[in-house]
Amino acid sequence: MGIFPGFGSWISKNSQQPLKGEAKGSENIESKSVSEKDNNNNNAPAKKNKKEYYDEKEKMRQDILWHDEEKKHPWHNPPPKVKVTSKKGVYHMNLEMTLGAPPELIHLWLTHPHGSPFLDEKKWRDLMITKSKKVLMEDGPREVFKVERSVAYDFFSLTTIPIPLHLIVEENRKDLTGKYKKEKVMLMKVFEGNYKVEPVYVDQERLCKKRLPKSSEEYRKCSGGQGKIGSKLTINQYFEPYPPFNLPPFSWYIRGNTIKTSKKLLNALQNTARSARRAGPLKEPPKP
C-alpha cells in the first residue's frame with residue numbers, strides 16, 4: 001500500500017529499529033507470507049502495484065498543511081472514548097478517537113505490516129507488531145488476508161508477556177473500513193470486531209462559514225484548499241474468554257486489562273500522528 005509515502009516512509013524508517021523484547025521480529029514482518037506465496041507460485045508473473053484510492057495532490061497538500069500548522073498551533077489530542085457493555089457473556093467495547101492526521105494515513109497504519117505505529121514512548125517498546133501476513137483474496141479495493149500479530153500485555157504490572165493474535169482480516173482501502181475475526185487467540189472463545197476511519201473537517205467552522213461541507217471536495221472548495229482533514233477512528237471489539245476465564249475474578253481482570261491495553265494502543269497511534277506532523281512531507285508536491 002503506498003498510501004502517504006511522505007509520512008508513511010518516515011514512520012516506517014524510524015520505527016523498524018530493534019527495541020525491546022520481540023521488536024527484532026518486526027524486521028522480517030512479511031517473511032512468512034512471502035515464502036508461502038513463493039511456494040505456491042514459483043512461476044507466477046510479477047505482481048502489479050496495487051491501485052490506490054486517494055488523490056496524490058490532495059495528499060501532499062494535507063501533508064504540508066498539517067506540518068505548517070503544527071509549528072504554529074500544535075494539535076492537542078482529545079482522549080479516546082471507551083464504552084464497554086456485556087450481553088450473554090460477550091463484551092462489546094466501543095472505542096472512538098479523533099486524530100490529527102488524514103484518514104488514508106490512519107487506515108494505512110492500522111493495516112500495513114511494515115513499521116510500528118504502536119510505540120510506547122515511555123518504555124520505548126512496540127505495543128503491537130505484525131509478524132506475518134498472507135493475502136487470501138483481492139478484489140479491487142477489497143482485500144482478505146491472514147495476519148499474525150503480537151500485543152504487549154502487562155501482567156499484574158509485574159512483567160510484560162506477548163499475546164499472539166492470529167486473525168482473518170477483510171479491509172476496504174476505498175471506504176477505509178475493515179472487519180476481523182479470530183483464527184486463534186489465547187484464552188478467547190470470541191474475538192472479532194470492525195473498524196472505520198472517517199474524515200474530520202477540522203477547519204470547517206472557521207473557513208466554511210456559509211455552508212458546512214458534506215464531502216472532501218466541498219471542503220477543499222469552501223476552505224480555498226487551506227482546510228486540514230483529520231480522522232475519526234471507530235472500533236467495535238467483541239470478546240469472550242473461554243471457561244473458566246469467563247467467570248469472576250478472572251473475567252474482571254481480563255476485561256480491565258483488555259480495555260487498558262486498547263487505550264495504550266490508541267494513545268500510541270496518536271503519538272505516531274504527532275511525530276508525522278512534526279516530520280512533515282519528505283518531497284515536494286507534484287506539479288499541476
# chains A, B, ... in the order shown; residues from 1 in each chain; ligands from 1
>>> residues_around(residues="Val200 (chain A)", least_positions_apart="5", cutoff="8 Å", atoms="only C-alpha atoms", output="list of chain:residue names")
A:Ile229, A:Gly230, A:Ser231, A:Lys232
>>> write_last_selection(atoms="C-alpha atoms", output="PDB file, in the first residue's frame")
ATOM      1  CA  ILE A 229      -8.590  16.933   7.284  1.00  0.00           C
ATOM      2  CA  GLY A 230      -8.289  14.872  10.440  1.00  0.00           C
ATOM      3  CA  SER A 231      -9.665  11.431  11.248  1.00  0.00           C
ATOM      4  CA  LYS A 232     -12.301   9.832  13.416  1.00  0.00           C
TER       5      LYS A 232
END
>>> atom_distance(atom1="CA of Gly280 (chain A)", atom2="CA of His112 (chain A)")
20.0 Å
>>> select_by_dssp(residues="region 48-204 of chain A", states="strand (DSSP E)", output="PyMOL selection string")
chain A and resi 81-87+90-99+119-120+125-126+128-139+142-155+159-172+177-185+188-201
>>> residues_around(residues="Tyr153 (chain A)", least_positions_apart="2", cutoff="9 Å", atoms="only C-alpha atoms", output="list of chain:residue names")
A:Leu127, A:Val151, A:Phe155, A:Thr159, A:Thr160, A:Ile161, A:Pro162, A:Ile163, A:Asn257, A:Thr258, A:Thr261
>>> write_last_selection(atoms="N, CA, C and O atoms", output="PDB file, in the first residue's frame")
ATOM      1  N   LEU A 127       4.169  -1.858  21.220  1.00  0.00           N
ATOM      2  CA  LEU A 127       2.997  -2.431  21.863  1.00  0.00           C
ATOM      3  C   LEU A 127       2.331  -3.489  20.992  1.00  0.00           C
ATOM      4  O   LEU A 127       1.692  -4.405  21.500  1.00  0.00           O
ATOM      5  N   VAL A 151       0.790  -8.658  20.688  1.00  0.00           N
ATOM      6  CA  VAL A 151       0.442  -7.493  21.510  1.00  0.00           C
ATOM      7  C   VAL A 151       1.113  -7.610  22.862  1.00  0.00           C
ATOM      8  O   VAL A 151       1.096  -8.673  23.498  1.00  0.00           O
ATOM      9  N   PHE A 155       1.194  -7.975  32.687  1.00  0.00           N
ATOM     10  CA  PHE A 155       0.631  -8.955  33.599  1.00  0.00           C
ATOM     11  C   PHE A 155       0.808  -8.490  35.038  1.00  0.00           C
ATOM     12  O   PHE A 155       1.902  -8.531  35.597  1.00  0.00           O
ATOM     13  N   THR A 159       5.271  -7.876  34.856  1.00  0.00           N
ATOM     14  CA  THR A 159       6.036  -8.228  33.674  1.00  0.00           C
ATOM     15  C   THR A 159       5.152  -8.059  32.445  1.00  0.00           C
ATOM     16  O   THR A 159       3.932  -7.884  32.561  1.00  0.00           O
ATOM     17  N   THR A 160       5.754  -8.095  31.287  1.00  0.00           N
ATOM     18  CA  THR A 160       5.025  -7.977  30.035  1.00  0.00           C
ATOM     19  C   THR A 160       5.179  -9.273  29.249  1.00  0.00           C
ATOM     20  O   THR A 160       6.293  -9.767  29.075  1.00  0.00           O
ATOM     21  N   ILE A 161       4.050  -9.830  28.819  1.00  0.00           N
ATOM     22  CA  ILE A 161       4.094 -11.043  28.024  1.00  0.00           C
ATOM     23  C   ILE A 161       3.493 -10.757  26.651  1.00  0.00           C
ATOM     24  O   ILE A 161       2.534  -9.995  26.525  1.00  0.00           O
ATOM     25  N   PRO A 162       4.048 -11.331  25.588  1.00  0.00           N
ATOM     26  CA  PRO A 162       3.484 -11.143  24.246  1.00  0.00           C
ATOM     27  C   PRO A 162       2.282 -12.063  24.025  1.00  0.00           C
ATOM     28  O   PRO A 162       2.373 -13.267  24.227  1.00  0.00           O
ATOM     29  N   ILE A 163       1.161 -11.500  23.634  1.00  0.00           N
ATOM     30  CA  ILE A 163      -0.039 -12.271  23.340  1.00  0.00           C
ATOM     31  C   ILE A 163      -0.161 -12.394  21.819  1.00  0.00           C
ATOM     32  O   ILE A 163      -0.333 -11.396  21.121  1.00  0.00           O
ATOM     33  N   ASN A 257      -7.925  -5.384  31.813  1.00  0.00           N
ATOM     34  CA  ASN A 257      -6.635  -5.271  31.142  1.00  0.00           C
ATOM     35  C   ASN A 257      -6.797  -5.146  29.635  1.00  0.00           C
ATOM     36  O   ASN A 257      -5.966  -4.517  28.964  1.00  0.00           O
ATOM     37  N   THR A 258      -7.857  -5.730  29.083  1.00  0.00           N
ATOM     38  CA  THR A 258      -8.122  -5.570  27.652  1.00  0.00           C
ATOM     39  C   THR A 258      -8.436  -4.112  27.329  1.00  0.00           C
ATOM     40  O   THR A 258      -7.963  -3.560  26.329  1.00  0.00           O
ATOM     41  N   THR A 261      -5.118  -2.114  27.700  1.00  0.00           N
ATOM     42  CA  THR A 261      -4.228  -2.348  26.569  1.00  0.00           C
ATOM     43  C   THR A 261      -4.717  -1.626  25.320  1.00  0.00           C
ATOM     44  O   THR A 261      -3.923  -1.044  24.575  1.00  0.00           O
TER      45      THR A 261
END
>>> atom_distance(atom1="CA of Leu266 (chain A)", atom2="CA of Pro164 (chain A)")
18.6 Å
>>> atom_distance(atom1="CA of Glu52 (chain A)", atom2="CA of Glu171 (chain A)")
13.4 Å
>>> residues_around(residues="Lys184 (chain A)", least_positions_apart="2", cutoff="10 Å", atoms="only C-alpha atoms", output="list in words")
Glu148, Pro164, Leu165, His166, Leu167, Ile168, Lys181, Lys182, Met186, Leu187, Met188, Lys189, Val190 and Phe191 of chain A
>>> write_last_selection(atoms="C-alpha atoms", output="PDB file, in the first residue's frame")
ATOM      1  CA  GLU A 148      -0.262 -12.871  12.881  1.00  0.00           C
ATOM      2  CA  PRO A 164      -0.201 -13.777  19.818  1.00  0.00           C
ATOM      3  CA  LEU A 165      -3.220 -12.858  17.676  1.00  0.00           C
ATOM      4  CA  HIS A 166      -3.983 -14.991  14.609  1.00  0.00           C
ATOM      5  CA  LEU A 167      -6.671 -13.121  12.684  1.00  0.00           C
ATOM      6  CA  ILE A 168      -8.554 -13.139   9.387  1.00  0.00           C
ATOM      7  CA  LYS A 181     -12.287 -12.393  13.397  1.00  0.00           C
ATOM      8  CA  LYS A 182     -10.052 -14.746  15.285  1.00  0.00           C
ATOM      9  CA  MET A 186      -5.118 -17.105  23.570  1.00  0.00           C
ATOM     10  CA  LEU A 187      -7.914 -17.599  26.165  1.00  0.00           C
ATOM     11  CA  MET A 188     -10.573 -16.156  23.849  1.00  0.00           C
ATOM     12  CA  LYS A 189     -13.692 -18.012  22.723  1.00  0.00           C
ATOM     13  CA  VAL A 190     -14.919 -14.910  20.865  1.00  0.00           C
ATOM     14  CA  PHE A 191     -12.594 -12.282  19.427  1.00  0.00           C
TER      15      PHE A 191
END
>>> residues_around(residues="region 209-211 of chain A", least_positions_apart="5", cutoff="12 Å", atoms="only C-alpha atoms", output="list in words")
Asp203, Gln204, Glu218, Tyr219, Lys221, Cys222 and Ser223 of chain A
>>> write_last_selection(atoms="C-alpha atoms", output="CSV table (one decimal), in the first residue's frame")
chain,number,residue,atom,x,y,z
A,203,ASP,CA,-11.3,24.0,9.9
A,204,GLN,CA,-14.8,23.9,8.5
A,218,GLU,CA,-16.8,20.6,-0.9
A,219,TYR,CA,-14.4,21.2,2.0
A,221,LYS,CA,-13.5,24.4,-2.3
A,222,CYS,CA,-15.0,26.3,0.6
A,223,SER,CA,-11.7,26.4,2.5
>>> closest_atom_pairs(of="region 192-243 of chain A", to="region 72-87 of chain A", cutoff="10 Å", atoms="only C-alpha atoms", output="tab-separated table")
residue	atom	partner	partner_atom	distance
A:Leu233	CA	A:Pro80	CA	9.5
A:Thr234	CA	A:Lys81	CA	9.6
A:Ile235	CA	A:Val82	CA	9.6
A:Asn236	CA	A:Lys83	CA	9.8
A:Gln237	CA	A:Val84	CA	9.4
A:Tyr238	CA	A:Ser86	CA	9.3
A:Phe239	CA	A:Ser86	CA	9.6
A:Glu240	CA	A:Ser86	CA	9.5
>>> residues_around(residues="Arg220 (chain A)", least_positions_apart="4", cutoff="10 Å", atoms="only C-alpha atoms", output="PyMOL selection string")
chain A and resi 58+201+204+207-208+213+215-216+224-229
